[in-house]
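Peer 1: The structure is given below, and queries will be raised subsequently.
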Amino acid sequence: MSRLAVKIESLSKRYSLDRGLVQGQTFRDMISDALMQPLRRFREIQGRSKRQETLWALRNVSLDIDDGEVVGLIGANGSGKSTLLKILSRVTAPTEGAVHFRGRVASLLEVGTGFHPELSGRENIFVNGAVLGMSKSDIRKRFDEIVEFSGVERFLDTPIKRYSTGMTVRLAFAVAAHLDSDILLVDEVLAVGDAEFQRRCMNRLRAVGQEGRTIVFVSHDMNAVRSLCSKAVCLEKGRIEKYGDVQEVMTQYFSLRGKGQARWKANGGASDDGGILRSVWVEDARGDAVDTIAHDECAHVSIRFRSPPGNGDFAIVVRVIDAQSNVIFSSWDRDSMPIRETVTKQEYEEMCKLPSNLLVPGRYSVTVQVREFCHDHARVLEEVSLEMNITGKGYGIEKNRLGIIAPLIQWSISSRH
Amino acid sequence: MRDRASSSSRVDEMLNDSAWTSIRPQTGWRVVDLREVWAYRELLLTLTLKDIRVRYKQTVIGAAWAVFQPLLTMIIFTIIFGRLAKIPSGEYPYPIFVFAALLPWMFFANAITSSANSLVISSQLVNKIYFPRIIIPMSSIGVSFVDFMFSTAVLLVLMVIFDVSWTFQLLMMPLVMFGVILCALGVGTLLSALTVSYRDLRFVIPFAVQIWMFLSPVVYGTSFIPEDYRWIILINPMTGYIEGFRSAILGGAIDWFALGVSFSISVALLMAGSMYFRSVERKFADVI
């Protein structure tokens with residue numbers, strides 16, 4: 001019987017939302033509003049205003065995590081993942097319920113917390129280490145390892161404002177990766193750095209997991225969760241949808257976002273959840289939303305989105321994944337389209353035309369991702385999966401056709417003498 | 001059935017184990033957990049050292065600023081209040097009279113101004129990492145104290161220049177400064193916690209600090225105030241400290257009563273400040 005490491009008991013967290021003030025209708029109203037404004041602001045800030053709406057970011061969440069378990073935390077944006085992590089790391093307090101844990105908790109909610117651009121790499125290692133809860137002697141003991149992992153030996157005494165972004169991130173992760181805690185909370189930190197560095201980070205985290213330490217890992221990158229975690233928790237609207245084996249939970253998660261339906265709408269189309277993706281659907285050549293398409297027909301993946309705030313440097317990615325979780329291919333909108341100039345918050349619709357005569361008949365999931373370019377990597381902001389069935393053509397290409405793809409290949413014959 | 005009973009008792013047993021930490025909703029007022037602050041002393045030191053290191057990076061004269069500021073202020077005050085306004089400074093030269101008061105005052109003023117802003121500035125830390133939040137205003141006060149030490153060195157030189165002899169009363173200086181630190185901690189923690197919710201304070205504080213200086217015996221001595229109104233100035237906790245500091249330097253009689261009043265008010269402020277801080281501490285990450 002394994003020991004418990006974390007016990008979460010009916011945890012809830014309520015946030016109050018600032019609704020903003022309604023503007024006065026008449027001139028008189030406007031004047032009295034202006035006069036009352038400071039008083040109202042004061043009440044609002046104090047949280048006494050009746051106008052305040054509340055939001056339960058977490059509702060009645062109970063969870064037991066065993067010692068040495070690597071647990072992935074997945075769910076859509078706004079499902080409560082980050083809130084849960086913030087409570088676990090004691091950054092914010094729960095409204096109800098309790099969390100018990102054994103040993104030391106270290107959290108990696110962001111790499112490079114406490115980094116100061118004017119300080120040298122060496123100085124920053126010590127500051128960052130202390131912030132993350134390492135003692136000076138711990139840091140000194142592991143200093144060489146940290147430096148080696150980061151690969152910035154030569155620039156150790158240079159202020160990090162002269163570092164490239166990649167170097168800064170590597171250094172930051174190097175410190176964090178050498179934390180000696182019993183429980184490690186990781187939030188999306190792998191979304192930075194180049195592919196090679198990400199691989200090293202994943203290996204490092206895997207090694208940490210193998211040392212028997214407990215890890216709670218939040219990510220939008222399902223591949224990372226799958227390869228790192230043994231168990232997963234799927235959160236949906238602040239509640240636990242499913243907890244168990246990573247593969248099972250993953251399946252549940254994908255079916256949640258899409259649920260075999262032909263069209264996915266943000267928040268069920270009910271209200272604005274503030275997300276980027278508004279709706280995603282597959283349509284056939286006639287423009288009807290479908291979930292089944294013939295092998296020799298083109299499937300059009302339509303994506304309606306609202307461009308995210310920020311520099312607008314983002315991409316839409318479509319992945320086609322088969323029933324065995326193999327990614328058949330992935331396509332980026334900028335592969336064939338000039339990089340668009342978008343206005344923040346404006347809605348757009350993109351269409352990705354999947355070639356016909358390509359996929360082996362069967363069940364697929366079409367995953368649409370919004371990826372934002374930050375540093376030298378594109379991190380996943382949002383992800384939606386739909387189910388898509390490819391049906392065979394009369395006689396030839398059927399379900400049991402061998403091969404990963406079934407492209408229509410031109411054959412020819414000619415008679416020889 | 002039996003299984004469940006035994007497993008729940010096992011959980012109880014585990015939770016009773018001291019290795020377990022519990023996070024629960026926060027209720028009511030709490031006092032500062034000194035043991036926890038002590039456990040995080042290395043972080044306090046690191047953050048303070050970091051701020052000190054960063055402070056004078058890419059400045060031309062660096063830490064000399066800590067010396068120039070009070071020195072220049074002293075010169076200006078000497079001209080305006082000493083020469084032009086002819087405010088009496090007793091038997092001592094006005095420059096040293098005002099400088100001896102400027103040191104504790106400037107420490108206090110810098111300490112509360114910087115600690116008031118400290119939490120908002122460190123929002124990145126507050127949002128991402130757990131540690132006793134009180135460490136942040138404390139480290140700001142620590143940084144101001146290092147500046148104070150620099151200017152104290154100047155004071156000792158000035159004493160030689162103005163022919164003020166070093167007496168045993170100088171030993172009073174650490175005691176007085178201990179009081180000033182308590183007072184700065186009290187006001188600083190209170191203001192830093194308030195600034196998280198009410199950002200107006202960022203604009204109010206620098207202004208209020210200026211007024212506060214003129215309400216404190218910095219450019220004048222307490223004896224300058226008519227006897228009947230002297231009690232008013234005594235309510236200001238800095239009065240006793242500034243006069244006490246001045247006497248320690250110049251060798252005058254120490255007003256123990258004023259010092260006692262200041263000390264009591266400081267302790268009360270510290271209690272109020274730290275209790276308020278603790279009671280809102282865990283909401284910082286949601287508000288900041």
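Just remember, in the structure tokens the first chain shown is A, the second B, etc., residues are 1-based per chain, and ligands are 1-based in the order shown.
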Select from chain A every residue with an atom at most 6 Å from any atom of chain B, then for each give the shortest pair of atoms and their distance in Å to one decimal, using only C-alpha atoms, rows by chain and rising number, as a Markdown table.

Peer 2:
```
| residue | atom | partner | partner_atom | distance |
| --- | --- | --- | --- | --- |
| A:Arg90 | CA | B:Tyr130 | CA | 5.5 |
| A:Val91 | CA | B:Tyr130 | CA | 5.1 |
| A:Thr92 | CA | B:Arg282 | CA | 5.7 |
| A:Ala93 | CA | B:Arg282 | CA | 5.7 |
| A:Pro94 | CA | B:Pro25 | CA | 5.0 |
| A:Thr95 | CA | B:Pro25 | CA | 5.3 |
| A:Glu96 | CA | B:Pro25 | CA | 5.7 |
| A:Ala98 | CA | B:Arg24 | CA | 4.7 |
| A:Val99 | CA | B:Ile23 | CA | 5.0 |
| A:His100 | CA | B:Ser22 | CA | 4.3 |
| A:Phe101 | CA | B:Trp20 | CA | 5.4 |
| A:Arg102 | CA | B:Trp20 | CA | 4.4 |
| A:Gly103 | CA | B:Ala19 | CA | 5.9 |
| A:Leu109 | CA | B:Lys128 | CA | 5.7 |
| A:Ala130 | CA | B:Leu43 | CA | 5.5 |
```

Peer 1: Taking 5 positions as the minimum chain separation for residues in the same chain, which residues sit within 7 Å of Ile242 in chain B when counting only C-alpha atoms? Answer as a list in words.

Peer 2: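 Within the cut-off, the hits are Ala101, Pro104 and Pro217 of chain B.
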
Peer 1: Assign secondary structure with DSSP using the backbone only, and return the residues of range 24-212 of chain B in helix (DSSP H, G or I) as a PyMOL selection string.

Peer 2: chain B and resi 34-39+41-55+62-84+94-121+123-128+135-161+168-197+201-212

Peer 1: Please list as an MDAnalysis selection string every residue within 8 Å of Glu349 in chain A, counting only C-alpha atoms and excluding residues in the same chain fewer than 3 positions away.

Peer 2: chainID A and resid 302:305

Peer 1: Any chance you can output those residues with N, CA, C and O atoms as a CSV table (one decimal), in the first residue's frame?

Peer 2:
```csv
chain,number,residue,atom,x,y,z
A,302,SER,N,-13.0,23.9,-40.4
A,302,SER,CA,-13.2,25.3,-40.2
A,302,SER,C,-13.0,25.7,-38.8
A,302,SER,O,-13.4,25.0,-37.9
A,303,ILE,N,-12.3,26.8,-38.6
A,303,ILE,CA,-11.9,27.2,-37.3
A,303,ILE,C,-12.3,28.7,-37.2
A,303,ILE,O,-11.9,29.5,-37.9
A,304,ARG,N,-13.2,29.0,-36.2
A,304,ARG,CA,-13.6,30.4,-36.0
A,304,ARG,C,-12.9,30.8,-34.7
A,304,ARG,O,-13.1,30.1,-33.7
A,305,PHE,N,-12.2,31.8,-34.7
A,305,PHE,CA,-11.4,32.2,-33.5
A,305,PHE,C,-11.4,33.7,-33.4
A,305,PHE,O,-11.7,34.5,-34.3
```

Peer 1: Could you tell me how far CA of Val360 in chain A sits from CA of Asn389 in chain A, in Å to one decimal place?

Peer 2: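 Those two atoms sit 9.9 Å apart.
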
Peer 1: Val175 in chain A: which residues within 12 Å, counting only C-alpha atoms, same-chain residues fewer than 6 positions away excluded, as a VMD selection string?

Peer 2: chain A and resid 106 108 110 to 115 121 to 134 138 to 140 142 to 151 168 to 169 201 204

Peer 1: Using only C-alpha atoms, determine which residues lie at most 9 Å from range 364-371 of chain A, disregarding the query and same-chain residues fewer than 6 positions distant; provide the list as a ChimeraX atom specification.

Peer 2: /A:254,260,276-277,280,282,301,303,313-323,325,378-390

Peer 1: Those same residues - N, CA, C and O atoms - I'd like them written as a short mmCIF file (atom, residue, chain, number, x, y, z; two decimals), in the first residue's frame.

Peer 2:
```
data_model
loop_
_atom_site.label_atom_id
_atom_site.label_comp_id
_atom_site.auth_asym_id
_atom_site.auth_seq_id
_atom_site.Cartn_x
_atom_site.Cartn_y
_atom_site.Cartn_z
N PHE A 254 -10.62 14.31 -24.49
CA PHE A 254 -10.84 14.61 -25.91
C PHE A 254 -12.31 14.48 -26.28
O PHE A 254 -12.83 15.24 -27.08
N GLY A 260 -17.58 13.80 -30.07
CA GLY A 260 -18.09 13.15 -31.26
C GLY A 260 -19.03 14.03 -32.06
O GLY A 260 -19.59 13.60 -33.06
N ILE A 276 -10.08 31.71 -26.96
CA ILE A 276 -9.70 32.16 -28.30
C ILE A 276 -10.55 31.45 -29.34
O ILE A 276 -11.15 32.08 -30.20
N LEU A 277 -10.61 30.13 -29.22
CA LEU A 277 -11.41 29.37 -30.18
C LEU A 277 -12.88 29.59 -29.91
O LEU A 277 -13.35 29.47 -28.77
N VAL A 280 -15.36 25.16 -33.86
CA VAL A 280 -14.56 24.35 -34.76
C VAL A 280 -15.46 23.27 -35.34
O VAL A 280 -16.24 22.67 -34.60
N VAL A 282 -16.04 20.32 -38.90
CA VAL A 282 -15.57 19.74 -40.16
C VAL A 282 -16.74 19.79 -41.12
O VAL A 282 -17.87 19.45 -40.75
N VAL A 301 -11.71 21.61 -42.49
CA VAL A 301 -11.76 21.92 -41.06
C VAL A 301 -11.91 23.43 -40.95
O VAL A 301 -11.06 24.19 -41.42
N ILE A 303 -12.31 26.79 -38.64
CA ILE A 303 -11.94 27.24 -37.29
C ILE A 303 -12.34 28.70 -37.18
O ILE A 303 -11.88 29.55 -37.93
N ASP A 313 1.32 37.14 -32.79
CA ASP A 313 2.17 36.15 -33.43
C ASP A 313 1.74 34.76 -32.99
O ASP A 313 2.27 34.20 -32.05
N PHE A 314 0.73 34.24 -33.64
CA PHE A 314 0.23 32.93 -33.26
C PHE A 314 -0.14 32.16 -34.52
O PHE A 314 -0.24 32.73 -35.60
N ALA A 315 -0.29 30.88 -34.36
CA ALA A 315 -0.61 30.04 -35.50
C ALA A 315 -1.73 29.09 -35.13
O ALA A 315 -1.91 28.76 -33.96
N ILE A 316 -2.48 28.68 -36.13
CA ILE A 316 -3.49 27.65 -35.93
C ILE A 316 -2.92 26.37 -36.52
O ILE A 316 -2.38 26.38 -37.63
N VAL A 317 -3.00 25.30 -35.75
CA VAL A 317 -2.44 24.04 -36.19
C VAL A 317 -3.54 22.98 -36.22
O VAL A 317 -4.37 22.94 -35.31
N VAL A 318 -3.56 22.21 -37.25
CA VAL A 318 -4.50 21.09 -37.33
C VAL A 318 -3.71 19.80 -37.32
O VAL A 318 -2.75 19.65 -38.08
N ARG A 319 -4.11 18.91 -36.42
CA ARG A 319 -3.45 17.61 -36.37
C ARG A 319 -4.48 16.53 -36.62
O ARG A 319 -5.58 16.60 -36.08
N VAL A 320 -4.10 15.55 -37.38
CA VAL A 320 -4.99 14.42 -37.58
C VAL A 320 -4.37 13.23 -36.87
O VAL A 320 -3.21 12.87 -37.11
N ILE A 321 -5.12 12.67 -35.94
CA ILE A 321 -4.60 11.61 -35.07
C ILE A 321 -5.49 10.38 -35.23
O ILE A 321 -6.72 10.49 -35.24
N ASP A 322 -4.87 9.23 -35.37
CA ASP A 322 -5.68 8.03 -35.56
C ASP A 322 -6.09 7.41 -34.22
O ASP A 322 -5.73 7.93 -33.17
N ALA A 323 -6.82 6.32 -34.28
CA ALA A 323 -7.37 5.73 -33.07
C ALA A 323 -6.28 5.20 -32.14
O ALA A 323 -6.51 5.01 -30.95
N SER A 325 -3.63 6.86 -31.43
CA SER A 325 -2.94 8.07 -30.97
C SER A 325 -1.70 8.42 -31.78
O SER A 325 -0.83 9.13 -31.29
N ALA A 378 6.65 27.56 -29.96
CA ALA A 378 5.24 27.93 -30.04
C ALA A 378 4.47 27.14 -29.00
O ALA A 378 4.35 25.93 -29.08
N ARG A 379 3.97 27.83 -27.99
CA ARG A 379 3.27 27.08 -26.95
C ARG A 379 1.78 27.00 -27.25
O ARG A 379 1.21 27.88 -27.89
N VAL A 380 1.19 25.94 -26.74
CA VAL A 380 -0.23 25.71 -27.02
C VAL A 380 -1.07 26.57 -26.09
O VAL A 380 -0.94 26.50 -24.88
N LEU A 381 -1.91 27.40 -26.67
CA LEU A 381 -2.81 28.21 -25.86
C LEU A 381 -4.13 27.50 -25.64
O LEU A 381 -4.69 27.52 -24.56
N GLU A 382 -4.63 26.91 -26.71
CA GLU A 382 -5.90 26.21 -26.61
C GLU A 382 -5.90 25.02 -27.56
O GLU A 382 -5.18 25.01 -28.56
N GLU A 383 -6.74 24.08 -27.24
CA GLU A 383 -6.79 22.88 -28.06
C GLU A 383 -8.20 22.32 -28.05
O GLU A 383 -8.85 22.30 -27.01
N VAL A 384 -8.69 21.93 -29.20
CA VAL A 384 -10.01 21.32 -29.30
C VAL A 384 -9.88 20.11 -30.21
O VAL A 384 -9.16 20.15 -31.21
N SER A 385 -10.55 19.02 -29.84
CA SER A 385 -10.51 17.85 -30.71
C SER A 385 -11.92 17.46 -31.16
O SER A 385 -12.85 17.49 -30.37
N LEU A 386 -12.02 17.12 -32.40
CA LEU A 386 -13.29 16.64 -32.95
C LEU A 386 -13.08 15.21 -33.41
O LEU A 386 -11.97 14.80 -33.70
N GLU A 387 -14.20 14.48 -33.52
CA GLU A 387 -14.07 13.15 -34.07
C GLU A 387 -14.41 13.20 -35.54
O GLU A 387 -15.28 13.95 -35.96
N MET A 388 -13.68 12.43 -36.31
CA MET A 388 -13.97 12.40 -37.75
C MET A 388 -13.86 10.96 -38.23
O MET A 388 -12.90 10.27 -37.92
N ASN A 389 -14.86 10.53 -38.92
CA ASN A 389 -14.84 9.17 -39.46
C ASN A 389 -14.61 9.23 -40.96
O ASN A 389 -15.23 10.04 -41.65
N ILE A 390 -13.72 8.38 -41.41
CA ILE A 390 -13.51 8.28 -42.84
C ILE A 390 -14.12 6.95 -43.29
O ILE A 390 -13.82 5.90 -42.72
#
```

Peer 1: Identify, on the basis of only C-alpha atoms, every residue whose closest approach to Val154 in chain B does not exceed 12 Å; exclude the query and any residue fewer than 3 positions from it along the same chain; express the result as a compact mmCIF listing (two decimals) with C-alpha atoms, in the first residue's frame.

Peer 2:
```
# COMPACT_ATOMS: atom_id res chain seq x y z
CA ALA B 64 27.75 57.45 -3.14
CA ALA B 66 23.36 57.18 -0.25
CA VAL B 67 25.81 59.80 1.02
CA PHE B 68 24.97 62.64 -1.35
CA GLN B 69 21.27 62.73 -0.70
CA PRO B 70 21.36 63.58 3.00
CA LEU B 71 24.42 65.75 2.46
CA MET B 74 21.55 69.24 4.75
CA ILE B 96 25.22 69.20 12.19
CA PHE B 99 22.06 66.39 9.71
CA ALA B 100 21.73 64.47 12.96
CA LEU B 103 19.66 60.56 9.22
CA ASP B 147 21.87 53.41 3.06
CA PHE B 148 21.52 54.71 6.58
CA MET B 149 24.77 53.02 7.57
CA PHE B 150 26.59 54.78 4.75
CA SER B 151 25.35 58.17 5.82
CA VAL B 157 33.25 62.65 9.73
CA LEU B 158 31.05 65.75 10.00
CA MET B 159 31.29 65.55 13.79
CA VAL B 160 35.04 65.86 13.51
CA ILE B 161 34.74 68.78 11.07
```

Peer 1: Which residue gives the smallest distance to Glu283 in chain A among A:Gly209, A:Ser330, A:Cys352, A:Leu4, with only C-alpha atoms counted?

Peer 2: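 Looking only at the distances to Glu283 in chain A, the closest residue turns out to be A:Cys352.
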
Peer 1: Quick one: everything within 9 Å of Ile249 in chain B, counting only C-alpha atoms, minus sequence neighbours fewer than 6 positions away in the same chain. Send it as a VMD selection string.

Peer 2: chain B and resid 100 155 to 156 159 164 to 167 169 to 170 172 to 173

Peer 1: By how many Å are CA of Ile293 in chain A and CA of Gly392 in chain A apart?

Peer 2: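 CA of Ile293 in chain A sits 9.1 Å away from CA of Gly392 in chain A.
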
Peer 1: For each of A:Gly97, A:Arg213, A:Leu119, A:Arg363, take the minimum atom-to-atom distance to Thr292 in chain A, counting only C-alpha atoms, then give the residue where this is smallest.

Peer 2: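 Smallest separation from Thr292 in chain A among the options: A:Arg363.
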
Peer 1: Interatomic distance between CA of Ala172 in chain A and CA of Val216 in chain A?

Peer 2: 19.1 Å

Peer 1: Go through range 133-271 of chain A and collect every residue that DSSP, computed from the backbone, puts in strand (DSSP E); the answer should be as a PyMOL selection string.

Peer 2: chain A and resi 183-187+214-218+231-236+239-245+263-265
